[in-house]
Amino acid sequence: EADIYQTPRYLVIGTGKKITLECSQTMGHDKMYWYQQDPGMELHLIHYSYGVNSTEKGDLSSESTVSRIRTEHFPLTLESARPSHTSQYLCASSEYGQGRNEQYFGPGTRLTVT
Amino acid sequence: GEDVEQSLFLSVREGDSSVINCTYTDSSSTYLYWYKQEPGAGLQLLTYIFSNMDMKQDQRLTVLLNKKDKHLSLRIADTQTGDSAIYFCAAYGGSQGNLIFGKGTKLSVKP
């Protein structure tokens, strides 16, 4: 059973607000990820991290930023939310190195910007 | 880099078998995965297969791998309405060691 948590699960917020989506895992995984998921299902990797103080941009350009100060915590921040940021955001984690390294996902945050 | 393709929709009757297909491009992918996503939830790891295997069975799930054709399939026996979900195929690709996901296959099970 994967232990990865995301809060809030749902968020409705007005344009221009600053928001932080929280993601925490208790598995001691080094690698963490943020995905944005279209209504049409496709997953887009927007950020990932190899460990503490590591952040990398993913395949899809995003106006969001991330930080990794602690192994277990990987928050995502939008400085000024816009309607185009409305989406489902999924956080994941995995071990890093040789081997299976499958990703475990949190339940997601559904963000709506009005 | 790695590319993973899968058909977008599949509809079956309850009790039938479902077969979801996936193709990938990077022959060096060592592990291939199937994930399930139910409405409003994150992705749940269903099963995986190592690239030196042809088949893996886990209760109602059977994964078949044709490494020559770079083709992966997930068979669900005796499909139930609770199997209605989106199924994602994933493979490792690129120097960053990240998973590359297909676009997902939406499985609808009719009673």
# chains A, B, ... in the order shown; residues from 1 in each chain; ligands from 1
>>> residues_around(residues="range 34-37 of chain B", least_positions_apart="6", cutoff="9 Å", atoms="only C-alpha atoms", output="list of chain:residue names")
B:Leu43, B:Gln44, B:Leu45, B:Leu46, B:Thr47, B:Tyr48, B:Ile49, B:Val63, B:Leu74, B:Asp83, B:Ala85, B:Ile86, B:Tyr87, B:Phe88, B:Cys89, B:Ala90
>>> residues_around(residues="range 50-67 of chain A", least_positions_apart="5", cutoff="6 Å", atoms="only C-alpha atoms", output="PyMOL selection string")
chain A and resi 30-31+45+75-78
>>> write_last_selection(atoms="C-alpha atoms", output="PDB file, in the first residue's frame")
ATOM      1  CA  ASP A  30      14.203   9.883  -3.166  1.00  0.00           C
ATOM      2  CA  LYS A  31      12.444  10.688  -6.418  1.00  0.00           C
ATOM      3  CA  LEU A  45       5.100  15.521 -16.347  1.00  0.00           C
ATOM      4  CA  PRO A  75       4.974  21.164  -2.659  1.00  0.00           C
ATOM      5  CA  LEU A  76       3.889  22.853  -5.896  1.00  0.00           C
ATOM      6  CA  THR A  77       3.172  26.592  -5.979  1.00  0.00           C
ATOM      7  CA  LEU A  78       1.329  28.810  -8.417  1.00  0.00           C
TER       8      LEU A  78
END
>>> closest_atom_pairs(of="chain B", to="chain A", cutoff="7 Å", atoms="only C-alpha atoms", output="Markdown table")
| residue | atom | partner | partner_atom | distance |
| --- | --- | --- | --- | --- |
| B:Tyr31 | CA | A:Arg100 | CA | 6.4 |
| B:Ala41 | CA | A:Pro107 | CA | 4.9 |
| B:Gly42 | CA | A:Pro107 | CA | 4.2 |
| B:Leu43 | CA | A:Phe105 | CA | 5.6 |
| B:Gln44 | CA | A:Phe105 | CA | 6.8 |
| B:Lys103 | CA | A:Glu42 | CA | 4.6 |
| B:Gly104 | CA | A:Met41 | CA | 6.5 |
>>> select_by_dssp(residues="chain A", states="strand (DSSP E or B)", output="PyMOL selection string")
chain A and resi 4-7+10-13+19-25+31-37+43-49+56-57+65-66+70+73+76-78+87-94+104-105+109-113
>>> closest_residue(among="A:Thr71, A:Ser49, A:Ser84, A:Gln37", to="Val113 in chain A", atoms="only C-alpha atoms")
A:Ser84
>>> atom_distance(atom1="CA of Leu107 in chain B", atom2="CA of Glu38 in chain B")
10.4 Å
>>> closest_residue(among="A:Gln6, A:Ser87, A:Thr15, A:Ser24", to="Arg68 in chain A", atoms="only C-alpha atoms")
A:Ser24
>>> atom_distance(atom1="CA of Ser108 in chain B", atom2="CA of His71 in chain B")
22.4 Å
>>> residues_around(residues="Lys18 in chain A", least_positions_apart="3", cutoff="7 Å", atoms="only C-alpha atoms", output="VMD selection string")
chain A and resid 78 to 81
>>> closest_residue(among="B:Thr30, B:Val12, B:Gly40, B:Asp78", to="Tyr10 in chain A", atoms="only C-alpha atoms")
B:Gly40
>>> closest_residue(among="A:Thr86, A:Thr114, A:Thr7, A:Ser93", to="His29 in chain A", atoms="only C-alpha atoms")
A:Ser93
